[in-house]
Amino acid sequence: MKLTYQSLLGIIWDQKFTEISFSHPMIREVSKARIREFIKLAKEKLSFIEIRPTQANEEDLLMVHTKEYINLLKESSKIPFMGFLDQTDTIHYPGIFNDILLVLGASLTATKWSKFYDYVYVPLGGFHHAMPDRAMGFCPINDVAITALKLLEKGEKVAIIDVDAHHGNGLQYILYDKPILKVNIYAYDGYFFPGTGKVQEIGEGKGKGYNINIPLPLGSTDDVFEKSLEILDIIEDYYKNPSYILVIAGVDGHKDDELKSLEFTTNSYNLLGLKIRRLKKYSNIIAYGGGGYGRLSALSMVSFLEGLMGKKTSYEPVTFSNDKEKIEKIEKIISRFKSSAYLFS
Ligand SMILES: [Zn+2]
């Protein structure tokens with residue numbers, strides 16, 4: 001009898017996750033529904049072990065955020081009604097500070113357990129817009145930046161793969177001069193939120209050459225996304241064997257997302273999972289749910305995890321671009337990165 005090894009998946013889970021959302025009131029219920037639906041669907045379709053998160057503490061926030069901003073979060077948490085942290089789209093509500101510490105704790109707990117699992121998934125995580133001194137884009141804190149810096153401090157070699165409809169501007173800003181590989185894939189036309197993420201932004205100081213931006217034209221389809229994933233060869237060919245790979249697998253690029261920008265289907269997220277699986281080798285892998293505000297967000301998350309576990313699934317027909325130029329443009333950007341002399345210099 002031949003024994004086959006099945007990958008071990010851990011999901012950081014606390015029932016409170018189903019009640020937490022920092023999103024604009026218009027989209028808040030959709031965000032919560034997605035997490036509720038996700039855990040239900042995950043239990044139906046996947047085999048995994050639930051890992052309880054340990055709450056983070058205030059000092060952990062100081063790794064990235066200013067004392068003044070942390071105080072603002074604490075004060076906002078005491079206000080008995082809902083309001084905005086950033087005037088536009090990130091809310092505060094009574095007790096938000098504890099939720100923030102729980103969400104950050106989820107990411108930090110994942111680093112502790114990742115050695116014992118093939119993959120650890122944090123469904124409520126990947127708040128990549130938050131800046132050191134302010135909230136932005138539904139993100140009160142930058143959990144992945146804090147986690148990556150803590151790992152770097154311990155001498156770990158870290159790579160971040162940030163896939164989401166929106167550019168991870170906060171993550172890029174905070175880690176811009178750090179020797180942590182950051183690969184960002186997102187929708188870009190110069191205006192679409194947050195409007196940042198030029199190809200020329202390659203990092204600075206010790207982080208020069210470590211920031212890779214792959215902007216996708218708005219309306220990009222599954223085949224364009226597949227092409228963009230070729231950038232991940234960089235990890236196999238140049239940035240070899242990182243000890244940790246943190247993956248934001250945001251699913252808001254799905255064609256039915258309420259913040260519509262891309263034309264991806266669940267197939268794209270399944271493919272992303274399969275590609276990340278190929279990078280596994282010696283790395284600890286932690287993945288995050290990122291953004292997702294559509295009727296198929298939960299299924300997209302599960303499709304990603306199925307890919308991680310080595311299962312190819314297809315719940316919708318693949319979308320194709322009728323514009324060859326889109327793919328050629330991505331191809332050009334990728335080949336420029338692959339041949340560039342400044343990579344990790
Ligand atoms: Zn997003």
# chains A, B, ... in the order shown; residues from 1 in each chain; ligands from 1
call {"tool": "residues_around", "arguments": {"residues": "Leu259 of chain A", "least_positions_apart": "6", "cutoff": "9 Å", "atoms": "only C-alpha atoms", "output": "list of chain:residue names"}}
result
A:Ala165, A:Asp252, A:Gly253, A:Gly292, A:Tyr293, A:Gly294
call {"tool": "residues_near_ligand", "arguments": {"ligand": "ligand 1", "cutoff": "10 Å", "atoms": "only C-alpha atoms and all ligand atoms", "output": "ChimeraX atom specification"}}
result
/A:126-129,137-138,163-168,186-187,193-194,248-253,259,261,290-293
call {"tool": "closest_atom_pairs", "arguments": {"of": "segment 19-102 of chain A", "to": "segment 148-157 of chain A", "cutoff": "12 Å", "atoms": "only C-alpha atoms", "output": "CSV"}}
result
residue,atom,partner,partner_atom,distance
A:Glu59,CA,A:Lys150,CA,11.6
A:Asp60,CA,A:Lys150,CA,8.8
A:Leu61,CA,A:Lys150,CA,10.8
A:Leu62,CA,A:Lys150,CA,11.1
A:Met63,CA,A:Leu149,CA,7.5
A:Val64,CA,A:Leu149,CA,8.3
call {"tool": "select_by_dssp", "arguments": {"residues": "segment 182-345 of chain A", "states": "strand (DSSP E or B)", "output": "PyMOL selection string"}}
result
chain A and resi 182-187+211-216+221+244-249+254+257+263-264+284-288+294
call {"tool": "closest_residue", "arguments": {"among": "A:Leu262, A:Ile214, A:Ala106, A:Ala287", "to": "Lys332 of chain A", "atoms": "only C-alpha atoms"}}
result
A:Ile214
call {"tool": "residues_around", "arguments": {"residues": "segment 227-235 of chain A", "least_positions_apart": "3", "cutoff": "8 Å", "atoms": "only C-alpha atoms", "output": "ChimeraX atom specification"}}
result
/A:183,185,214,223-224,238-241,272,275,279,327,330-331,334,338
call {"tool": "write_last_selection", "arguments": {"atoms": "all heavy atoms", "output": "compact mmCIF listing (two decimals), in the first residue's frame"}}
result
# COMPACT_ATOMS: atom_id res chain seq x y z
N VAL A 183 6.20 41.35 -3.25
CA VAL A 183 5.64 41.25 -4.61
C VAL A 183 4.17 41.65 -4.52
O VAL A 183 3.40 41.03 -3.78
CB VAL A 183 5.76 39.82 -5.17
CG1 VAL A 183 5.12 39.74 -6.55
CG2 VAL A 183 7.21 39.37 -5.23
N ILE A 185 0.58 42.41 -6.54
CA ILE A 185 -0.21 42.27 -7.77
C ILE A 185 -1.59 42.85 -7.49
O ILE A 185 -2.27 42.42 -6.55
CB ILE A 185 -0.31 40.79 -8.21
CG1 ILE A 185 1.09 40.19 -8.43
CG2 ILE A 185 -1.16 40.67 -9.49
CD1 ILE A 185 1.10 38.69 -8.74
N ILE A 214 3.47 44.80 -9.68
CA ILE A 214 2.91 44.32 -10.96
C ILE A 214 1.48 44.86 -11.08
O ILE A 214 0.52 44.22 -10.62
CB ILE A 214 2.89 42.77 -11.04
CG1 ILE A 214 4.26 42.16 -10.67
CG2 ILE A 214 2.44 42.32 -12.43
CD1 ILE A 214 5.37 42.40 -11.68
N ASP A 223 -6.78 34.99 -17.33
CA ASP A 223 -5.55 34.69 -18.09
C ASP A 223 -4.47 35.76 -17.85
O ASP A 223 -3.28 35.44 -17.83
CB ASP A 223 -5.83 34.52 -19.60
CG ASP A 223 -6.58 35.70 -20.20
OD1 ASP A 223 -7.20 36.47 -19.44
OD2 ASP A 223 -6.55 35.85 -21.44
N VAL A 224 -4.88 37.00 -17.62
CA VAL A 224 -3.92 38.06 -17.32
C VAL A 224 -3.30 37.80 -15.94
O VAL A 224 -2.10 37.94 -15.73
CB VAL A 224 -4.58 39.46 -17.36
CG1 VAL A 224 -3.57 40.56 -17.05
CG2 VAL A 224 -5.24 39.70 -18.72
N TYR A 238 15.88 33.60 -7.60
CA TYR A 238 16.80 34.59 -7.01
C TYR A 238 16.72 34.66 -5.49
O TYR A 238 17.71 34.62 -4.79
CB TYR A 238 16.53 35.99 -7.57
CG TYR A 238 16.68 36.10 -9.05
CD1 TYR A 238 15.60 35.95 -9.90
CD2 TYR A 238 17.94 36.39 -9.60
CE1 TYR A 238 15.74 36.06 -11.27
CE2 TYR A 238 18.10 36.49 -10.96
CZ TYR A 238 16.98 36.32 -11.80
OH TYR A 238 17.13 36.42 -13.15
N TYR A 239 15.49 34.82 -4.98
CA TYR A 239 15.31 35.02 -3.54
C TYR A 239 15.07 33.65 -2.91
O TYR A 239 13.99 33.34 -2.44
CB TYR A 239 14.12 35.95 -3.33
CG TYR A 239 14.00 36.59 -1.96
CD1 TYR A 239 14.82 37.65 -1.59
CD2 TYR A 239 13.06 36.16 -1.04
CE1 TYR A 239 14.69 38.26 -0.35
CE2 TYR A 239 12.91 36.76 0.21
CZ TYR A 239 13.74 37.80 0.54
OH TYR A 239 13.60 38.41 1.76
N LYS A 240 16.11 32.84 -2.92
CA LYS A 240 15.91 31.40 -2.64
C LYS A 240 15.58 31.08 -1.19
O LYS A 240 16.17 31.65 -0.28
CB LYS A 240 17.16 30.64 -3.07
CG LYS A 240 17.28 30.63 -4.58
CD LYS A 240 18.38 29.71 -5.02
CE LYS A 240 18.27 29.58 -6.51
NZ LYS A 240 19.31 29.74 -7.31
N ASN A 241 14.70 30.13 -1.03
CA ASN A 241 14.34 29.58 0.28
C ASN A 241 14.12 30.60 1.40
O ASN A 241 14.78 30.53 2.43
CB ASN A 241 15.40 28.58 0.74
CG ASN A 241 15.57 27.47 -0.26
OD1 ASN A 241 14.60 27.05 -0.89
ND2 ASN A 241 16.79 27.01 -0.42
N LEU A 272 -3.63 30.59 -7.70
CA LEU A 272 -2.71 31.24 -6.76
C LEU A 272 -2.29 30.24 -5.68
O LEU A 272 -1.10 30.11 -5.36
CB LEU A 272 -3.37 32.48 -6.13
CG LEU A 272 -2.55 33.20 -5.06
CD1 LEU A 272 -1.27 33.79 -5.64
CD2 LEU A 272 -3.38 34.32 -4.40
N LYS A 275 0.14 27.71 -7.07
CA LYS A 275 1.48 28.31 -7.29
C LYS A 275 2.23 28.48 -5.97
O LYS A 275 3.43 28.26 -5.91
CB LYS A 275 1.32 29.70 -7.93
CG LYS A 275 0.92 29.64 -9.39
CD LYS A 275 2.12 29.83 -10.26
CE LYS A 275 1.70 29.78 -11.73
NZ LYS A 275 2.84 29.76 -12.63
N LEU A 279 5.98 26.83 -4.11
CA LEU A 279 7.07 27.56 -3.45
C LEU A 279 7.39 27.01 -2.08
O LEU A 279 8.34 27.44 -1.44
CB LEU A 279 6.70 29.05 -3.30
CG LEU A 279 6.45 29.85 -4.57
CD1 LEU A 279 5.96 31.24 -4.20
CD2 LEU A 279 7.71 29.94 -5.41
N ILE A 327 -1.84 41.29 -21.79
CA ILE A 327 -0.92 40.22 -21.42
C ILE A 327 0.51 40.58 -21.80
O ILE A 327 1.44 40.36 -21.02
CB ILE A 327 -1.36 38.88 -22.06
CG1 ILE A 327 -2.69 38.46 -21.40
CG2 ILE A 327 -0.30 37.80 -21.90
CD1 ILE A 327 -3.19 37.11 -21.76
N ILE A 330 2.07 42.93 -19.24
CA ILE A 330 2.50 42.24 -18.00
C ILE A 330 3.77 41.45 -18.27
O ILE A 330 4.71 41.45 -17.46
CB ILE A 330 1.38 41.28 -17.50
CG1 ILE A 330 0.07 42.02 -17.27
CG2 ILE A 330 1.81 40.53 -16.25
CD1 ILE A 330 0.10 43.13 -16.26
N GLU A 331 3.80 40.81 -19.43
CA GLU A 331 4.97 40.00 -19.82
C GLU A 331 6.24 40.86 -19.81
O GLU A 331 7.28 40.46 -19.31
CB GLU A 331 4.72 39.47 -21.23
CG GLU A 331 5.26 38.09 -21.47
CD GLU A 331 4.53 37.46 -22.67
OE1 GLU A 331 4.12 38.21 -23.60
OE2 GLU A 331 4.36 36.24 -22.64
N ILE A 334 7.34 41.80 -16.26
CA ILE A 334 7.96 40.66 -15.57
C ILE A 334 9.36 40.38 -16.11
O ILE A 334 10.30 40.19 -15.34
CB ILE A 334 7.06 39.41 -15.69
CG1 ILE A 334 5.79 39.62 -14.86
CG2 ILE A 334 7.80 38.16 -15.22
CD1 ILE A 334 4.76 38.54 -14.99
N LYS A 338 12.91 40.26 -14.10
CA LYS A 338 13.72 39.04 -14.07
C LYS A 338 15.14 39.29 -14.58
O LYS A 338 16.06 38.60 -14.18
CB LYS A 338 13.06 37.94 -14.90
CG LYS A 338 11.89 37.30 -14.17
CD LYS A 338 11.35 36.12 -14.95
CE LYS A 338 10.19 35.46 -14.23
NZ LYS A 338 9.53 34.44 -15.03
call {"tool": "residues_around", "arguments": {"residues": "Gly209 of chain A", "least_positions_apart": "4", "cutoff": "12 Å", "atoms": "only C-alpha atoms", "output": "list in words"}}
result
Tyr176, Asp177, Lys178, Pro179, Ile180, Leu181, Lys182, Val183, Val199, Gln200, Glu201, Ile202, Gly203, Glu204, Gly205, Asn213, Ile234, Tyr238, Tyr239, Phe337, Lys338, Ser340, Ala341, Tyr342, Leu343, Phe344 and Ser345 of chain A
call {"tool": "write_last_selection", "arguments": {"atoms": "C-alpha atoms", "output": "CSV table (one decimal), in the first residue's frame"}}
result
chain,number,residue,atom,x,y,z
A,176,TYR,CA,10.2,50.2,1.7
A,177,ASP,CA,13.7,50.3,3.1
A,178,LYS,CA,13.7,46.8,4.5
A,179,PRO,CA,15.4,43.7,3.0
A,180,ILE,CA,12.1,41.9,2.7
A,181,LEU,CA,10.9,40.8,-0.7
A,182,LYS,CA,7.5,42.3,-1.5
A,183,VAL,CA,5.6,41.3,-4.6
A,199,VAL,CA,6.5,49.8,-11.4
A,200,GLN,CA,9.4,52.2,-10.8
A,201,GLU,CA,9.0,52.0,-7.0
A,202,ILE,CA,11.6,49.4,-6.3
A,203,GLY,CA,12.5,50.1,-2.7
A,204,GLU,CA,15.3,52.2,-1.2
A,205,GLY,CA,18.3,51.8,1.1
A,213,ASN,CA,4.9,46.1,-8.3
A,234,ILE,CA,11.8,35.3,-8.8
A,238,TYR,CA,16.8,34.6,-7.0
A,239,TYR,CA,15.3,35.0,-3.5
A,337,PHE,CA,12.3,42.4,-13.3
A,338,LYS,CA,13.7,39.0,-14.1
A,340,SER,CA,17.3,43.5,-13.9
A,341,ALA,CA,20.7,43.9,-12.3
A,342,TYR,CA,19.5,45.8,-9.3
A,343,LEU,CA,17.4,42.9,-8.0
A,344,PHE,CA,18.2,42.4,-4.3
A,345,SER,CA,21.4,44.4,-4.8
call {"tool": "residues_around", "arguments": {"residues": "segment 111-120 of chain A", "least_positions_apart": "6", "cutoff": "8 Å", "atoms": "only C-alpha atoms", "output": "PyMOL selection string"}}
result
chain A and resi 7-12+147+284-287+308
call {"tool": "write_last_selection", "arguments": {"atoms": "all heavy atoms", "output": "CSV table (one decimal), in the first residue's frame"}}
result
chain,number,residue,atom,x,y,z
A,7,SER,N,-1.2,17.4,2.9
A,7,SER,CA,-0.7,18.6,3.6
A,7,SER,C,-1.6,19.0,4.8
A,7,SER,O,-2.8,18.7,4.8
A,7,SER,CB,-0.8,19.8,2.6
A,7,SER,OG,0.0,19.5,1.4
A,8,LEU,N,-0.9,19.5,5.8
A,8,LEU,CA,-1.6,19.9,7.0
A,8,LEU,C,-1.9,21.4,7.0
A,8,LEU,O,-1.0,22.2,6.9
A,8,LEU,CB,-0.7,19.5,8.2
A,8,LEU,CG,-1.4,19.5,9.6
A,8,LEU,CD1,-2.6,18.5,9.6
A,8,LEU,CD2,-0.3,19.0,10.6
A,9,LEU,N,-3.2,21.7,7.1
A,9,LEU,CA,-3.7,23.1,7.1
A,9,LEU,C,-4.2,23.5,8.5
A,9,LEU,O,-5.0,22.8,9.1
A,9,LEU,CB,-4.8,23.2,6.0
A,9,LEU,CG,-5.5,24.6,6.0
A,9,LEU,CD1,-4.6,25.7,5.5
A,9,LEU,CD2,-6.7,24.5,5.0
A,10,GLY,N,-3.7,24.6,9.0
A,10,GLY,CA,-4.2,25.2,10.2
A,10,GLY,C,-4.9,26.5,9.9
A,10,GLY,O,-4.4,27.3,9.1
A,11,ILE,N,-6.1,26.7,10.4
A,11,ILE,CA,-6.8,27.9,10.2
A,11,ILE,C,-7.0,28.6,11.6
A,11,ILE,O,-7.5,28.1,12.5
A,11,ILE,CB,-8.2,27.7,9.6
A,11,ILE,CG1,-8.1,27.1,8.2
A,11,ILE,CG2,-9.0,29.1,9.5
A,11,ILE,CD1,-9.4,26.9,7.4
A,12,ILE,N,-6.4,29.9,11.7
A,12,ILE,CA,-6.5,30.6,12.9
A,12,ILE,C,-8.0,31.1,13.0
A,12,ILE,O,-8.5,31.8,12.1
A,12,ILE,CB,-5.6,31.9,12.8
A,12,ILE,CG1,-4.2,31.5,12.5
A,12,ILE,CG2,-5.7,32.6,14.2
A,12,ILE,CD1,-3.4,30.9,13.6
A,147,THR,N,4.0,41.8,11.6
A,147,THR,CA,4.5,40.4,11.7
A,147,THR,C,5.8,40.3,10.9
A,147,THR,O,6.7,39.6,11.4
A,147,THR,CB,3.4,39.5,11.0
A,147,THR,OG1,2.2,39.7,11.7
A,147,THR,CG2,3.7,38.1,11.1
A,284,ASN,N,8.1,28.4,5.8
A,284,ASN,CA,6.9,28.4,6.5
A,284,ASN,C,5.9,29.3,5.8
A,284,ASN,O,6.3,30.5,5.4
A,284,ASN,CB,7.1,29.0,7.9
A,284,ASN,CG,8.1,28.1,8.7
A,284,ASN,OD1,7.8,26.9,8.9
A,284,ASN,ND2,9.1,28.7,9.2
A,285,ILE,N,4.7,28.9,5.6
A,285,ILE,CA,3.8,29.7,4.8
A,285,ILE,C,2.6,30.1,5.6
A,285,ILE,O,1.9,29.3,6.2
A,285,ILE,CB,3.4,29.0,3.5
A,285,ILE,CG1,4.6,28.8,2.6
A,285,ILE,CG2,2.3,29.8,2.7
A,285,ILE,CD1,4.4,28.4,1.2
A,286,ILE,N,2.4,31.4,5.6
A,286,ILE,CA,1.2,32.0,6.3
A,286,ILE,C,0.4,32.8,5.2
A,286,ILE,O,1.0,33.6,4.5
A,286,ILE,CB,1.6,32.9,7.4
A,286,ILE,CG1,2.4,32.1,8.5
A,286,ILE,CG2,0.3,33.5,8.1
A,286,ILE,CD1,3.1,33.0,9.5
A,287,ALA,N,-0.9,32.5,5.1
A,287,ALA,CA,-1.7,33.2,4.1
A,287,ALA,C,-2.8,34.0,4.9
A,287,ALA,O,-3.3,33.5,5.9
A,287,ALA,CB,-2.3,32.3,3.1
A,308,LEU,N,-3.8,25.5,-2.4
A,308,LEU,CA,-2.7,25.3,-1.4
A,308,LEU,C,-2.6,23.8,-1.1
A,308,LEU,O,-1.5,23.3,-0.9
A,308,LEU,CB,-3.0,26.0,-0.1
A,308,LEU,CG,-2.4,27.4,0.1
A,308,LEU,CD1,-2.6,27.9,1.5
A,308,LEU,CD2,-1.0,27.6,-0.3
call {"tool": "residues_around", "arguments": {"residues": "Gly105 of chain A", "least_positions_apart": "2", "cutoff": "7 Å", "atoms": "only C-alpha atoms", "output": "list of chain:residue names"}}
result
A:Pro53, A:Thr54, A:Gln55, A:Ala56, A:Leu101, A:Leu102, A:Val103, A:Ser107, A:Leu108, A:Thr109
call {"tool": "residues_around", "arguments": {"residues": "Asn270 of chain A", "least_positions_apart": "4", "cutoff": "8 Å", "atoms": "only C-alpha atoms", "output": "list in words"}}
result
Thr266, Leu274, Ser300, Ser303, Phe304, Leu305, Glu306, Gly307, Leu308, Lys312, Thr313 and Ser314 of chain A
call {"tool": "write_last_selection", "arguments": {"atoms": "C-alpha atoms", "output": "short mmCIF file (atom, residue, chain, number, x, y, z; two decimals), in the first residue's frame"}}
result
data_model
loop_
_atom_site.label_atom_id
_atom_site.label_comp_id
_atom_site.auth_asym_id
_atom_site.auth_seq_id
_atom_site.Cartn_x
_atom_site.Cartn_y
_atom_site.Cartn_z
CA THR A 266 -12.54 31.49 -8.35
CA LEU A 274 -1.40 25.93 -6.46
CA SER A 300 -12.87 32.28 -3.67
CA SER A 303 -10.70 27.81 -3.82
CA PHE A 304 -7.38 29.37 -2.81
CA LEU A 305 -7.02 26.94 0.11
CA GLU A 306 -7.94 24.00 -2.11
CA GLY A 307 -5.07 25.08 -4.38
CA LEU A 308 -2.70 25.26 -1.41
CA LYS A 312 -7.40 21.86 -8.66
CA THR A 313 -11.00 23.04 -8.59
CA SER A 314 -13.19 25.02 -10.94
#
call {"tool": "select_by_dssp", "arguments": {"residues": "segment 129-261 of chain A", "states": "alpha helix (DSSP H)", "output": "PDB file with N, CA and C atoms, in the first residue's frame"}}
result
ATOM      1  N   ASP A 143      -1.292  44.612  10.187  1.00  0.00           N
ATOM      2  CA  ASP A 143      -0.901  43.348  10.818  1.00  0.00           C
ATOM      3  C   ASP A 143       0.260  42.640  10.127  1.00  0.00           C
ATOM      4  N   VAL A 144       0.275  42.669   8.808  1.00  0.00           N
ATOM      5  CA  VAL A 144       1.330  41.937   8.081  1.00  0.00           C
ATOM      6  C   VAL A 144       2.678  42.652   8.220  1.00  0.00           C
ATOM      7  N   ALA A 145       2.671  43.983   8.212  1.00  0.00           N
ATOM      8  CA  ALA A 145       3.920  44.732   8.381  1.00  0.00           C
ATOM      9  C   ALA A 145       4.520  44.447   9.754  1.00  0.00           C
ATOM     10  N   ILE A 146       3.672  44.445  10.782  1.00  0.00           N
ATOM     11  CA  ILE A 146       4.158  44.173  12.139  1.00  0.00           C
ATOM     12  C   ILE A 146       4.746  42.759  12.210  1.00  0.00           C
ATOM     13  N   THR A 147       4.025  41.809  11.647  1.00  0.00           N
ATOM     14  CA  THR A 147       4.477  40.412  11.657  1.00  0.00           C
ATOM     15  C   THR A 147       5.801  40.253  10.913  1.00  0.00           C
ATOM     16  N   ALA A 148       5.904  40.869   9.744  1.00  0.00           N
ATOM     17  CA  ALA A 148       7.123  40.750   8.933  1.00  0.00           C
ATOM     18  C   ALA A 148       8.318  41.373   9.669  1.00  0.00           C
ATOM     19  N   LEU A 149       8.107  42.519  10.305  1.00  0.00           N
ATOM     20  CA  LEU A 149       9.213  43.176  11.015  1.00  0.00           C
ATOM     21  C   LEU A 149       9.660  42.362  12.223  1.00  0.00           C
ATOM     22  N   LYS A 150       8.712  41.734  12.877  1.00  0.00           N
ATOM     23  CA  LYS A 150       9.079  40.882  14.025  1.00  0.00           C
ATOM     24  C   LYS A 150       9.916  39.700  13.551  1.00  0.00           C
ATOM     25  N   LEU A 151       9.551  39.139  12.417  1.00  0.00           N
ATOM     26  CA  LEU A 151      10.311  38.007  11.885  1.00  0.00           C
ATOM     27  C   LEU A 151      11.706  38.456  11.452  1.00  0.00           C
ATOM     28  N   LEU A 152      11.774  39.618  10.808  1.00  0.00           N
ATOM     29  CA  LEU A 152      13.063  40.153  10.359  1.00  0.00           C
ATOM     30  C   LEU A 152      13.992  40.375  11.556  1.00  0.00           C
ATOM     31  N   GLU A 153      13.417  40.888  12.622  1.00  0.00           N
ATOM     32  CA  GLU A 153      14.180  41.143  13.850  1.00  0.00           C
ATOM     33  C   GLU A 153      14.795  39.851  14.403  1.00  0.00           C
ATOM     34  N   ASN A 169      -0.498  49.746  -0.223  1.00  0.00           N
ATOM     35  CA  ASN A 169       0.331  50.958  -0.078  1.00  0.00           C
ATOM     36  C   ASN A 169       0.979  51.094   1.297  1.00  0.00           C
ATOM     37  N   GLY A 170       0.244  50.745   2.372  1.00  0.00           N
ATOM     38  CA  GLY A 170       0.796  50.870   3.714  1.00  0.00           C
ATOM     39  C   GLY A 170       1.950  49.900   3.920  1.00  0.00           C
ATOM     40  N   LEU A 171       1.750  48.703   3.467  1.00  0.00           N
ATOM     41  CA  LEU A 171       2.772  47.659   3.570  1.00  0.00           C
ATOM     42  C   LEU A 171       4.038  48.085   2.817  1.00  0.00           C
ATOM     43  N   GLN A 172       3.858  48.587   1.617  1.00  0.00           N
ATOM     44  CA  GLN A 172       4.998  49.050   0.813  1.00  0.00           C
ATOM     45  C   GLN A 172       5.715  50.197   1.533  1.00  0.00           C
ATOM     46  N   TYR A 173       4.942  51.154   2.032  1.00  0.00           N
ATOM     47  CA  TYR A 173       5.523  52.328   2.685  1.00  0.00           C
ATOM     48  C   TYR A 173       6.349  51.920   3.911  1.00  0.00           C
ATOM     49  N   ILE A 174       5.760  51.074   4.753  1.00  0.00           N
ATOM     50  CA  ILE A 174       6.416  50.712   6.021  1.00  0.00           C
ATOM     51  C   ILE A 174       7.676  49.870   5.780  1.00  0.00           C
ATOM     52  N   LEU A 175       7.636  49.019   4.768  1.00  0.00           N
ATOM     53  CA  LEU A 175       8.760  48.098   4.550  1.00  0.00           C
ATOM     54  C   LEU A 175       9.658  48.513   3.387  1.00  0.00           C
ATOM     55  N   ASP A 222      -8.845  36.239 -15.815  1.00  0.00           N
ATOM     56  CA  ASP A 222      -8.054  35.128 -15.262  1.00  0.00           C
ATOM     57  C   ASP A 222      -6.736  34.897 -16.002  1.00  0.00           C
ATOM     58  N   ASP A 223      -6.775  34.992 -17.332  1.00  0.00           N
ATOM     59  CA  ASP A 223      -5.549  34.694 -18.093  1.00  0.00           C
ATOM     60  C   ASP A 223      -4.473  35.755 -17.845  1.00  0.00           C
ATOM     61  N   VAL A 224      -4.883  37.000 -17.616  1.00  0.00           N
ATOM     62  CA  VAL A 224      -3.917  38.057 -17.318  1.00  0.00           C
ATOM     63  C   VAL A 224      -3.301  37.798 -15.936  1.00  0.00           C
ATOM     64  N   PHE A 225      -4.148  37.383 -15.015  1.00  0.00           N
ATOM     65  CA  PHE A 225      -3.647  37.082 -13.668  1.00  0.00           C
ATOM     66  C   PHE A 225      -2.646  35.925 -13.719  1.00  0.00           C
ATOM     67  N   GLU A 226      -2.998  34.909 -14.493  1.00  0.00           N
ATOM     68  CA  GLU A 226      -2.103  33.754 -14.609  1.00  0.00           C
ATOM     69  C   GLU A 226      -0.726  34.197 -15.104  1.00  0.00           C
ATOM     70  N   LYS A 227      -0.734  35.077 -16.082  1.00  0.00           N
ATOM     71  CA  LYS A 227       0.531  35.600 -16.608  1.00  0.00           C
ATOM     72  C   LYS A 227       1.302  36.328 -15.506  1.00  0.00           C
ATOM     73  N   SER A 228       0.591  37.157 -14.730  1.00  0.00           N
ATOM     74  CA  SER A 228       1.263  37.964 -13.699  1.00  0.00           C
ATOM     75  C   SER A 228       1.936  37.086 -12.633  1.00  0.00           C
ATOM     76  N   ASP A 233       8.370  33.297  -9.999  1.00  0.00           N
ATOM     77  CA  ASP A 233       9.607  32.550 -10.308  1.00  0.00           C
ATOM     78  C   ASP A 233      10.798  33.227  -9.647  1.00  0.00           C
ATOM     79  N   ILE A 234      10.685  34.526  -9.435  1.00  0.00           N
ATOM     80  CA  ILE A 234      11.752  35.304  -8.801  1.00  0.00           C
ATOM     81  C   ILE A 234      12.155  34.653  -7.470  1.00  0.00           C
ATOM     82  N   ILE A 235      11.177  34.141  -6.766  1.00  0.00           N
ATOM     83  CA  ILE A 235      11.476  33.538  -5.459  1.00  0.00           C
ATOM     84  C   ILE A 235      12.284  32.253  -5.646  1.00  0.00           C
ATOM     85  N   GLU A 236      11.912  31.461  -6.642  1.00  0.00           N
ATOM     86  CA  GLU A 236      12.656  30.219  -6.879  1.00  0.00           C
ATOM     87  C   GLU A 236      14.042  30.486  -7.468  1.00  0.00           C
ATOM     88  N   ASP A 237      14.126  31.503  -8.326  1.00  0.00           N
ATOM     89  CA  ASP A 237      15.371  31.717  -9.060  1.00  0.00           C
ATOM     90  C   ASP A 237      16.370  32.631  -8.352  1.00  0.00           C
TER      91      ASP A 237
END
call {"tool": "atom_distance", "arguments": {"atom1": "atom CA of Tyr282 of chain A", "atom2": "atom CA of Ile333 of chain A"}}
result
28.0 Å
